[in-house]
Each structure stands twice: as C-alpha cells, then as structure tokens.
>>> print(open('query38.cif').read())   # mmCIF, N, CA and C atoms
data_data
loop_
_atom_site.label_atom_id
_atom_site.label_comp_id
_atom_site.auth_asym_id
_atom_site.auth_seq_id
_atom_site.Cartn_x
_atom_site.Cartn_y
_atom_site.Cartn_z
N MET A 2 -195.55 14.82 -133.03
CA MET A 2 -194.97 16.15 -133.16
C MET A 2 -194.37 16.60 -131.83
N ARG A 3 -195.15 16.45 -130.76
CA ARG A 3 -194.68 16.90 -129.46
C ARG A 3 -193.49 16.07 -129.00
N GLY A 4 -193.48 14.76 -129.28
CA GLY A 4 -192.37 13.90 -128.90
C GLY A 4 -191.09 14.27 -129.62
N SER A 5 -191.21 14.59 -130.92
CA SER A 5 -190.01 14.96 -131.66
C SER A 5 -189.48 16.31 -131.20
N LEU A 6 -190.37 17.22 -130.79
CA LEU A 6 -189.94 18.50 -130.26
C LEU A 6 -189.18 18.31 -128.96
N LEU A 7 -189.70 17.44 -128.08
CA LEU A 7 -189.01 17.17 -126.82
C LEU A 7 -187.66 16.50 -127.04
N THR A 8 -187.59 15.61 -128.02
CA THR A 8 -186.32 14.96 -128.34
C THR A 8 -185.32 16.00 -128.84
N GLY A 9 -185.77 16.90 -129.69
CA GLY A 9 -184.89 17.95 -130.20
C GLY A 9 -184.40 18.87 -129.10
N ILE A 10 -185.30 19.23 -128.18
CA ILE A 10 -184.92 20.10 -127.07
C ILE A 10 -183.94 19.39 -126.14
N SER A 11 -184.18 18.10 -125.87
CA SER A 11 -183.26 17.38 -124.99
C SER A 11 -181.90 17.21 -125.66
N GLY A 12 -181.85 17.02 -126.98
CA GLY A 12 -180.58 16.93 -127.69
C GLY A 12 -179.82 18.25 -127.64
N LEU A 13 -180.53 19.37 -127.82
CA LEU A 13 -179.92 20.69 -127.76
C LEU A 13 -179.40 20.97 -126.35
N LEU A 14 -180.18 20.59 -125.34
CA LEU A 14 -179.75 20.78 -123.96
C LEU A 14 -178.50 19.96 -123.67
N ALA A 15 -178.45 18.74 -124.17
CA ALA A 15 -177.27 17.90 -123.97
C ALA A 15 -176.05 18.52 -124.64
N LEU A 16 -176.23 19.11 -125.82
CA LEU A 16 -175.12 19.78 -126.49
C LEU A 16 -174.61 20.96 -125.66
N CYS A 17 -175.54 21.74 -125.14
CA CYS A 17 -175.16 22.91 -124.36
C CYS A 17 -174.43 22.52 -123.08
N LEU A 18 -174.79 21.39 -122.51
CA LEU A 18 -174.17 20.94 -121.27
C LEU A 18 -172.92 20.12 -121.51
N GLY A 19 -172.57 19.85 -122.78
CA GLY A 19 -171.36 19.12 -123.10
C GLY A 19 -171.52 17.62 -122.98
N ALA A 20 -172.74 17.12 -122.86
CA ALA A 20 -172.97 15.68 -122.75
C ALA A 20 -172.79 15.03 -124.11
N PRO A 21 -172.55 13.72 -124.15
CA PRO A 21 -172.41 13.05 -125.44
C PRO A 21 -173.72 13.05 -126.20
N ALA A 22 -173.98 14.10 -126.94
CA ALA A 22 -175.26 14.29 -127.61
C ALA A 22 -175.53 13.25 -128.67
N PHE A 23 -174.47 12.60 -129.20
CA PHE A 23 -174.68 11.62 -130.25
C PHE A 23 -175.55 10.48 -129.77
N ALA A 24 -175.61 10.23 -128.46
CA ALA A 24 -176.44 9.14 -127.93
C ALA A 24 -177.92 9.48 -128.06
N LEU A 25 -178.26 10.76 -128.19
CA LEU A 25 -179.65 11.18 -128.25
C LEU A 25 -180.16 11.38 -129.66
N THR A 26 -179.29 11.38 -130.66
CA THR A 26 -179.70 11.73 -132.00
C THR A 26 -180.29 10.57 -132.78
N GLY A 27 -180.16 9.36 -132.28
CA GLY A 27 -180.66 8.22 -133.01
C GLY A 27 -179.62 7.63 -133.95
N GLU A 28 -178.47 8.28 -134.09
CA GLU A 28 -177.38 7.76 -134.91
C GLU A 28 -176.64 6.68 -134.14
N ASP A 29 -176.00 5.76 -134.87
CA ASP A 29 -175.20 4.71 -134.28
C ASP A 29 -173.74 5.08 -134.43
N PHE A 30 -173.16 5.67 -133.39
CA PHE A 30 -171.77 6.11 -133.41
C PHE A 30 -170.88 5.03 -132.78
N SER A 31 -170.95 3.82 -133.30
CA SER A 31 -170.25 2.71 -132.68
C SER A 31 -168.81 2.55 -133.14
N VAL A 32 -168.39 3.24 -134.18
CA VAL A 32 -167.01 3.12 -134.66
C VAL A 32 -166.16 4.15 -133.93
N VAL A 33 -165.20 3.65 -133.15
CA VAL A 33 -164.33 4.53 -132.39
C VAL A 33 -163.16 4.94 -133.27
N GLY A 34 -163.00 6.22 -133.43
CA GLY A 34 -161.91 6.74 -134.25
C GLY A 34 -160.61 6.85 -133.47
N SER A 35 -159.49 6.72 -134.17
CA SER A 35 -158.19 6.85 -133.53
C SER A 35 -157.64 8.27 -133.65
N GLY A 36 -158.29 9.08 -134.45
CA GLY A 36 -157.85 10.45 -134.65
C GLY A 36 -158.89 11.24 -135.40
N ALA A 37 -158.54 12.48 -135.71
CA ALA A 37 -159.49 13.35 -136.41
C ALA A 37 -158.73 14.29 -137.34
N ARG A 38 -159.44 14.69 -138.40
CA ARG A 38 -158.96 15.74 -139.29
C ARG A 38 -159.83 16.96 -139.04
N LEU A 39 -159.18 18.06 -138.74
CA LEU A 39 -159.88 19.32 -138.49
C LEU A 39 -159.43 20.33 -139.52
N GLN A 40 -160.23 21.35 -139.68
CA GLN A 40 -159.84 22.47 -140.53
C GLN A 40 -159.95 23.73 -139.68
N ALA A 41 -158.95 24.60 -139.81
CA ALA A 41 -158.92 25.83 -139.03
C ALA A 41 -158.77 27.01 -139.97
N LEU A 42 -159.44 28.10 -139.62
CA LEU A 42 -159.40 29.32 -140.40
C LEU A 42 -158.89 30.45 -139.52
N ASP A 43 -157.87 31.14 -139.99
CA ASP A 43 -157.43 32.38 -139.37
C ASP A 43 -158.19 33.49 -140.09
N LYS A 44 -159.11 34.13 -139.39
CA LYS A 44 -159.98 35.14 -140.01
C LYS A 44 -159.23 36.41 -140.40
N VAL A 45 -158.08 36.66 -139.78
CA VAL A 45 -157.31 37.86 -140.10
C VAL A 45 -156.60 37.70 -141.43
N THR A 46 -155.97 36.55 -141.64
CA THR A 46 -155.20 36.32 -142.86
C THR A 46 -155.98 35.55 -143.92
N ALA A 47 -157.15 35.02 -143.57
CA ALA A 47 -157.97 34.18 -144.45
C ALA A 47 -157.25 32.89 -144.84
N ARG A 48 -156.33 32.46 -144.00
CA ARG A 48 -155.57 31.23 -144.25
C ARG A 48 -156.29 30.04 -143.63
N VAL A 49 -156.51 29.00 -144.44
CA VAL A 49 -157.15 27.77 -143.99
C VAL A 49 -156.09 26.69 -143.88
N THR A 50 -156.08 25.98 -142.76
CA THR A 50 -155.10 24.94 -142.51
C THR A 50 -155.81 23.66 -142.08
N GLU A 51 -155.37 22.52 -142.62
CA GLU A 51 -155.90 21.23 -142.19
C GLU A 51 -155.00 20.69 -141.10
N LEU A 52 -155.61 20.22 -140.03
CA LEU A 52 -154.90 19.68 -138.87
C LEU A 52 -155.30 18.22 -138.67
N ALA A 53 -154.33 17.38 -138.35
CA ALA A 53 -154.61 15.98 -138.03
C ALA A 53 -154.02 15.67 -136.67
N LEU A 54 -154.80 15.04 -135.82
CA LEU A 54 -154.28 14.66 -134.51
C LEU A 54 -154.96 13.40 -134.02
N GLY A 55 -154.28 12.68 -133.17
CA GLY A 55 -154.80 11.45 -132.60
C GLY A 55 -155.54 11.72 -131.30
N VAL A 56 -156.31 10.75 -130.87
CA VAL A 56 -157.05 10.88 -129.62
C VAL A 56 -156.03 11.05 -128.48
N GLY A 57 -156.27 12.04 -127.64
CA GLY A 57 -155.37 12.34 -126.53
C GLY A 57 -154.24 13.28 -126.90
N GLU A 58 -154.12 13.64 -128.17
CA GLU A 58 -153.06 14.55 -128.62
C GLU A 58 -153.57 15.98 -128.70
N SER A 59 -152.61 16.90 -128.70
CA SER A 59 -152.92 18.32 -128.84
C SER A 59 -152.11 18.89 -130.00
N VAL A 60 -152.64 19.94 -130.60
CA VAL A 60 -151.94 20.66 -131.66
C VAL A 60 -152.16 22.15 -131.39
N THR A 61 -151.16 22.95 -131.75
CA THR A 61 -151.25 24.39 -131.58
C THR A 61 -151.54 25.03 -132.93
N TYR A 62 -152.52 25.92 -132.93
CA TYR A 62 -152.86 26.68 -134.13
C TYR A 62 -153.00 28.13 -133.69
N GLY A 63 -152.06 28.96 -134.07
CA GLY A 63 -152.07 30.34 -133.59
C GLY A 63 -151.95 30.35 -132.08
N SER A 64 -152.88 31.00 -131.41
CA SER A 64 -152.87 31.03 -129.95
C SER A 64 -153.74 29.93 -129.36
N LEU A 65 -154.31 29.07 -130.21
CA LEU A 65 -155.19 27.99 -129.74
C LEU A 65 -154.41 26.71 -129.49
N LYS A 66 -154.75 26.02 -128.43
CA LYS A 66 -154.27 24.66 -128.17
C LYS A 66 -155.50 23.76 -128.27
N ILE A 67 -155.51 22.90 -129.28
CA ILE A 67 -156.66 22.05 -129.57
C ILE A 67 -156.33 20.63 -129.14
N THR A 68 -157.17 20.05 -128.27
CA THR A 68 -156.97 18.70 -127.76
C THR A 68 -158.15 17.83 -128.17
N LEU A 69 -157.86 16.69 -128.78
CA LEU A 69 -158.89 15.73 -129.18
C LEU A 69 -159.05 14.71 -128.06
N GLU A 70 -160.24 14.66 -127.45
CA GLU A 70 -160.52 13.73 -126.36
C GLU A 70 -161.15 12.43 -126.86
N ALA A 71 -161.98 12.52 -127.89
CA ALA A 71 -162.65 11.33 -128.43
C ALA A 71 -163.14 11.63 -129.84
N CYS A 72 -163.24 10.59 -130.64
CA CYS A 72 -163.77 10.73 -131.99
C CYS A 72 -164.59 9.49 -132.31
N ARG A 73 -165.79 9.67 -132.81
CA ARG A 73 -166.69 8.57 -133.15
C ARG A 73 -167.28 8.81 -134.52
N LYS A 74 -167.59 7.70 -135.20
CA LYS A 74 -168.28 7.81 -136.48
C LYS A 74 -169.29 6.70 -136.62
N THR A 75 -170.18 6.90 -137.56
CA THR A 75 -171.19 5.88 -137.83
C THR A 75 -170.55 4.75 -138.64
N PRO A 76 -171.08 3.54 -138.52
CA PRO A 76 -170.54 2.45 -139.33
C PRO A 76 -170.82 2.69 -140.82
N PRO A 77 -170.10 1.98 -141.70
CA PRO A 77 -170.26 2.19 -143.14
C PRO A 77 -171.67 1.92 -143.65
N THR A 78 -172.46 1.16 -142.92
CA THR A 78 -173.82 0.84 -143.35
C THR A 78 -174.82 1.95 -143.03
N GLU A 79 -174.41 2.93 -142.23
CA GLU A 79 -175.27 4.06 -141.85
C GLU A 79 -174.91 5.30 -142.67
N GLU A 80 -175.74 6.33 -142.55
CA GLU A 80 -175.43 7.61 -143.19
C GLU A 80 -174.15 8.17 -142.57
N PRO A 81 -173.21 8.66 -143.38
CA PRO A 81 -171.92 9.10 -142.84
C PRO A 81 -172.05 10.28 -141.88
N GLU A 82 -171.43 10.15 -140.72
CA GLU A 82 -171.39 11.21 -139.72
C GLU A 82 -170.22 10.96 -138.79
N SER A 83 -169.55 12.02 -138.40
CA SER A 83 -168.45 11.95 -137.45
C SER A 83 -168.71 12.97 -136.36
N ALA A 84 -168.30 12.62 -135.14
CA ALA A 84 -168.42 13.53 -134.00
C ALA A 84 -167.13 13.44 -133.20
N ALA A 85 -166.61 14.59 -132.78
CA ALA A 85 -165.37 14.63 -132.01
C ALA A 85 -165.57 15.49 -130.77
N PHE A 86 -165.05 15.00 -129.64
CA PHE A 86 -165.07 15.80 -128.42
C PHE A 86 -163.75 16.55 -128.35
N LEU A 87 -163.82 17.86 -128.40
CA LEU A 87 -162.64 18.72 -128.43
C LEU A 87 -162.61 19.65 -127.23
N GLU A 88 -161.40 19.91 -126.75
CA GLU A 88 -161.18 20.96 -125.77
C GLU A 88 -160.20 21.94 -126.40
N ILE A 89 -160.59 23.20 -126.43
CA ILE A 89 -159.77 24.23 -127.08
C ILE A 89 -159.50 25.34 -126.07
N ASP A 90 -158.20 25.60 -125.87
CA ASP A 90 -157.77 26.67 -124.97
C ASP A 90 -157.14 27.78 -125.80
N ASP A 91 -157.42 29.02 -125.41
CA ASP A 91 -156.80 30.18 -126.05
C ASP A 91 -155.73 30.70 -125.10
N ASP A 92 -154.49 30.76 -125.58
CA ASP A 92 -153.35 31.19 -124.76
C ASP A 92 -152.61 32.32 -125.48
N PRO A 93 -153.21 33.52 -125.53
CA PRO A 93 -152.54 34.64 -126.19
C PRO A 93 -151.31 35.07 -125.39
N PRO A 94 -150.31 35.64 -126.06
CA PRO A 94 -149.07 36.00 -125.37
C PRO A 94 -149.24 37.07 -124.29
N ASP A 95 -150.27 37.91 -124.41
CA ASP A 95 -150.43 39.02 -123.47
C ASP A 95 -151.53 38.80 -122.43
N ALA A 96 -152.05 37.58 -122.31
CA ALA A 96 -153.13 37.31 -121.36
C ALA A 96 -153.03 35.88 -120.85
N GLU A 97 -153.83 35.61 -119.85
CA GLU A 97 -153.86 34.28 -119.25
C GLU A 97 -154.65 33.31 -120.14
N ALA A 98 -154.22 32.06 -120.18
CA ALA A 98 -154.92 31.05 -120.98
C ALA A 98 -156.31 30.80 -120.42
N GLN A 99 -157.25 30.55 -121.33
CA GLN A 99 -158.60 30.23 -120.89
C GLN A 99 -159.23 29.24 -121.86
N ARG A 100 -160.11 28.39 -121.34
CA ARG A 100 -160.83 27.42 -122.16
C ARG A 100 -161.92 28.15 -122.92
N VAL A 101 -161.89 28.04 -124.26
CA VAL A 101 -162.88 28.72 -125.09
C VAL A 101 -163.88 27.74 -125.71
N TYR A 102 -163.58 26.43 -125.63
CA TYR A 102 -164.49 25.43 -126.19
C TYR A 102 -164.26 24.09 -125.51
N SER A 103 -165.33 23.43 -125.18
CA SER A 103 -165.28 22.06 -124.66
C SER A 103 -166.59 21.40 -125.02
N GLY A 104 -166.54 20.46 -125.97
CA GLY A 104 -167.79 19.81 -126.37
C GLY A 104 -167.63 19.01 -127.64
N TRP A 105 -168.75 18.49 -128.11
CA TRP A 105 -168.80 17.67 -129.32
C TRP A 105 -168.98 18.56 -130.54
N MET A 106 -168.22 18.30 -131.58
CA MET A 106 -168.41 18.92 -132.89
C MET A 106 -168.83 17.83 -133.86
N PHE A 107 -169.71 18.18 -134.80
CA PHE A 107 -170.21 17.24 -135.78
C PHE A 107 -169.77 17.66 -137.17
N ALA A 108 -169.25 16.71 -137.94
CA ALA A 108 -168.73 17.03 -139.28
C ALA A 108 -169.82 17.54 -140.22
N SER A 109 -171.01 16.97 -140.13
CA SER A 109 -172.08 17.35 -141.06
C SER A 109 -172.75 18.66 -140.67
N SER A 110 -172.55 19.12 -139.44
CA SER A 110 -173.19 20.35 -138.97
C SER A 110 -172.19 21.21 -138.21
N PRO A 111 -171.23 21.81 -138.90
CA PRO A 111 -170.20 22.57 -138.19
C PRO A 111 -170.73 23.76 -137.40
N GLY A 112 -171.86 24.31 -137.80
CA GLY A 112 -172.43 25.45 -137.09
C GLY A 112 -173.24 25.07 -135.87
N LEU A 113 -173.54 23.79 -135.69
CA LEU A 113 -174.38 23.34 -134.58
C LEU A 113 -173.70 23.59 -133.24
N ALA A 114 -172.44 23.23 -133.12
CA ALA A 114 -171.69 23.42 -131.88
C ALA A 114 -170.33 23.98 -132.27
N ALA A 115 -170.30 25.21 -132.68
CA ALA A 115 -169.09 25.81 -133.25
C ALA A 115 -168.26 26.53 -132.20
N LEU A 116 -166.98 26.64 -132.49
CA LEU A 116 -166.09 27.46 -131.68
C LEU A 116 -166.43 28.92 -131.97
N GLU A 117 -166.67 29.69 -130.92
CA GLU A 117 -166.93 31.12 -131.09
C GLU A 117 -165.70 31.88 -130.64
N HIS A 118 -164.92 32.34 -131.60
CA HIS A 118 -163.66 33.04 -131.31
C HIS A 118 -163.53 34.18 -132.31
N PRO A 119 -163.03 35.34 -131.88
CA PRO A 119 -162.94 36.48 -132.80
C PRO A 119 -161.92 36.32 -133.92
N VAL A 120 -160.91 35.47 -133.75
CA VAL A 120 -159.85 35.35 -134.75
C VAL A 120 -159.88 34.02 -135.49
N TYR A 121 -160.29 32.93 -134.83
CA TYR A 121 -160.19 31.60 -135.41
C TYR A 121 -161.53 30.88 -135.50
N ASP A 122 -161.67 30.08 -136.54
CA ASP A 122 -162.75 29.10 -136.66
C ASP A 122 -162.09 27.73 -136.74
N VAL A 123 -162.68 26.74 -136.10
CA VAL A 123 -162.20 25.36 -136.16
C VAL A 123 -163.41 24.48 -136.36
N TRP A 124 -163.31 23.52 -137.30
CA TRP A 124 -164.41 22.59 -137.50
C TRP A 124 -163.87 21.21 -137.83
N LEU A 125 -164.69 20.21 -137.57
CA LEU A 125 -164.34 18.81 -137.80
C LEU A 125 -164.61 18.43 -139.25
N LEU A 126 -163.63 17.78 -139.87
CA LEU A 126 -163.83 17.23 -141.21
C LEU A 126 -164.24 15.77 -141.15
N ASP A 127 -163.50 14.97 -140.35
CA ASP A 127 -163.77 13.53 -140.29
C ASP A 127 -162.97 12.91 -139.16
N CYS A 128 -163.46 11.79 -138.67
CA CYS A 128 -162.70 10.95 -137.74
C CYS A 128 -161.95 9.92 -138.56
N SER A 129 -160.78 9.55 -138.10
CA SER A 129 -160.01 8.52 -138.79
C SER A 129 -160.04 7.25 -137.96
N THR A 130 -160.07 6.13 -138.65
CA THR A 130 -160.01 4.83 -137.99
C THR A 130 -158.59 4.30 -138.16
N PRO A 131 -158.18 3.31 -137.39
CA PRO A 131 -156.80 2.83 -137.49
C PRO A 131 -156.35 2.50 -138.91
N SER A 132 -157.24 2.04 -139.77
CA SER A 132 -156.84 1.70 -141.13
C SER A 132 -156.77 2.91 -142.06
N SER A 133 -157.29 4.08 -141.62
CA SER A 133 -157.32 5.25 -142.52
C SER A 133 -156.40 6.37 -142.06
N THR A 134 -155.48 6.10 -141.13
CA THR A 134 -154.65 7.19 -140.60
C THR A 134 -153.42 7.46 -141.46
N SER A 135 -153.02 6.57 -142.34
CA SER A 135 -151.84 6.83 -143.14
C SER A 135 -152.13 7.91 -144.18
N GLY A 136 -151.12 8.74 -144.41
CA GLY A 136 -151.26 9.78 -145.42
C GLY A 136 -151.87 11.06 -144.94
N GLU A 137 -152.21 11.17 -143.63
CA GLU A 137 -152.77 12.41 -143.12
C GLU A 137 -151.65 13.36 -142.76
N THR A 138 -151.92 14.63 -142.91
CA THR A 138 -150.90 15.63 -142.60
C THR A 138 -151.32 16.43 -141.40
N SER A 139 -150.35 16.95 -140.70
CA SER A 139 -150.61 17.80 -139.57
C SER A 139 -150.00 19.15 -139.84
N GLY A 140 -150.73 20.18 -139.51
CA GLY A 140 -150.21 21.52 -139.73
C GLY A 140 -150.37 22.34 -138.47
N SER A 141 -149.61 23.38 -138.36
CA SER A 141 -149.79 24.32 -137.27
C SER A 141 -149.41 25.70 -137.75
N ASN A 142 -149.93 26.66 -137.05
CA ASN A 142 -149.69 28.03 -137.45
C ASN A 142 -148.75 28.66 -136.47
#
>>> encode(input="query38.cif", output="structure tokens")
Amino acid sequence: MRGSLLTGISGLLALCLGAPAFALTGEDFSVVGSGARLQALDKVTARVTELALGVGESVTYGSLKITLEACRKTPPTEEPESAAFLEIDDDPPDAEAQRVYSGWMFASSPGLAALEHPVYDVWLLDCSTPSSTSGETSGSN
C-alpha cells in the first residue's frame, strides 16, 4: 500500500514538473507517433473542432498556438493509451503572448493534465503512427 502511494505521488510530481510521466506509470509507450489528433472546444461558442498535426508542427486555434513536441502510444498488445507532449501559447490580439501549457496530455485521462484556460479546452484524442496518418483532417479557428 505504501509503495503504491509513493509511486502515485512520484508520478503526480513528475506530471507537475513536466517530466515524461509515462515512464513512471508502468505502461510501455514504445510506439513513437508521427502526429496527433486533438480536439478543441471554444467555450464561448460551444464549437468543437478536431485538429491534426505532426510532431514538430504547430496549429492555431483561436488565440492559441498549439505545438506538438512528441507523441507516444502503447503497442497493440497493451491496453490502448496515447500521450502527447504539447506546448500551448496564448497570443491574444490585445496582450503579449504567454505560455499557458507545457506538458504531457493523456488520451484516456484528459482531466489529469488539462489545459486551464478561460475560453478554450484542448485534449488529446490519439497519436497517429506513420501508417495511420492518411485521412486525418486539420482544422483551425
């Protein structure tokens, strides 16, 4: 019991510090994704948009600039899980740009490491592998 509590606390601490928390969860994130599918919500208009981007690419959604740094998933023999390292900057027209998110997001637990923004929500749907990138759409607001 005490060991599992310490493991949980160390995993939470790693998430808060932006470390690759997937290494601490016991999951095997050995499949490197070439891109990711995200979903974004504009809370003012209630409009939901699906975004697709490759590793190292950025997409603009409203005043947000979302950059995908890495995407990993578990192999097909494991329980499905995807994790993406995202950097999100808010660049409103009347203020200076600032980083509002930098860290790992998990597809199965969007609330675990969520973007906290008054207007937008962004969450990870899945990582794509080189064979699954065809047919994805990219959107922007």
>>> resolve_selection(input="query38.cif", expression="the PyMOL selection byres (((chain A and resi 85 and name CA) around 7) and name CA)", output="CSV table (one decimal) with N, CA and C atoms, keeping the file's coordinate frame")
chain,number,residue,atom,x,y,z
A,71,ALA,N,-162.0,12.5,-127.9
A,71,ALA,CA,-162.6,11.3,-128.4
A,71,ALA,C,-163.1,11.6,-129.8
A,72,CYS,N,-163.2,10.6,-130.6
A,72,CYS,CA,-163.8,10.7,-132.0
A,72,CYS,C,-164.6,9.5,-132.3
A,73,ARG,N,-165.8,9.7,-132.8
A,73,ARG,CA,-166.7,8.6,-133.2
A,73,ARG,C,-167.3,8.8,-134.5
A,83,SER,N,-169.6,12.0,-138.4
A,83,SER,CA,-168.4,12.0,-137.4
A,83,SER,C,-168.7,13.0,-136.4
A,84,ALA,N,-168.3,12.6,-135.1
A,84,ALA,CA,-168.4,13.5,-134.0
A,84,ALA,C,-167.1,13.4,-133.2
A,86,PHE,N,-165.0,15.0,-129.6
A,86,PHE,CA,-165.1,15.8,-128.4
A,86,PHE,C,-163.8,16.6,-128.4
A,87,LEU,N,-163.8,17.9,-128.4
A,87,LEU,CA,-162.6,18.7,-128.4
A,87,LEU,C,-162.6,19.6,-127.2
A,105,TRP,N,-168.8,18.5,-128.1
A,105,TRP,CA,-168.8,17.7,-129.3
A,105,TRP,C,-169.0,18.6,-130.5
A,106,MET,N,-168.2,18.3,-131.6
A,106,MET,CA,-168.4,18.9,-132.9
A,106,MET,C,-168.8,17.8,-133.9
A,107,PHE,N,-169.7,18.2,-134.8
A,107,PHE,CA,-170.2,17.2,-135.8
A,107,PHE,C,-169.8,17.7,-137.2
>>> select_by_dssp(input="query38.cif", residues="range 31-121 of chain A", states="strand (DSSP E)", output="PyMOL selection string")
chain A and resi 32-33+36-43+48-55+59-62+65-74+83-91+99-107+121
>>> resolve_selection(input="query38.cif", expression="the PyMOL selection byres ((chain A and resi 57) around 6)", output="VMD selection string")
chain A and resid 55 to 56 58 to 59 69 to 71
>>> atom_distance(input="query38.cif", atom1="CA of Pro76 in chain A", atom2="CA of Ser31 in chain A")
6.7 Å
>>> residues_around(input="query38.cif", residues="range 34-48 of chain A", least_positions_apart="2", cutoff="7 Å", atoms="only N, CA and C atoms", output="PyMOL selection string")
chain A and resi 31-32+50-56+71-74+119-131
>>> axis_aligned_box(input="query38.cif", around="range 30-45 of chain A", padding_each_side="4 Å", output="JSON")
{"center_x": -164.9, "center_y": 20.2, "center_z": -136.9, "size_x": 24.6, "size_y": 43.3, "size_z": 17.0}
>>> select_by_dssp(input="query38.cif", residues="range 10-134 of chain A", states="alpha helix (DSSP H)", output="JSON, numbers by chain")
{"A": [10, 11, 12, 13, 14, 15, 16, 17, 18]}
>>> atom_distance(input="query38.cif", atom1="CA of Thr61 in chain A", atom2="CA of Leu116 in chain A")
15.2 Å
>>> atom_distance(input="query38.cif", atom1="CA of His118 in chain A", atom2="CA of Val101 in chain A")
7.6 Å
>>> resolve_selection(input="query38.cif", expression="the PyMOL selection byres ((chain A and resi 64) around 7)", output="list in words")
Thr61, Tyr62, Gly63, Leu65, Lys66, Asp90, Asp91, Asp92, Pro93, Pro94 and Asn142 of chain A
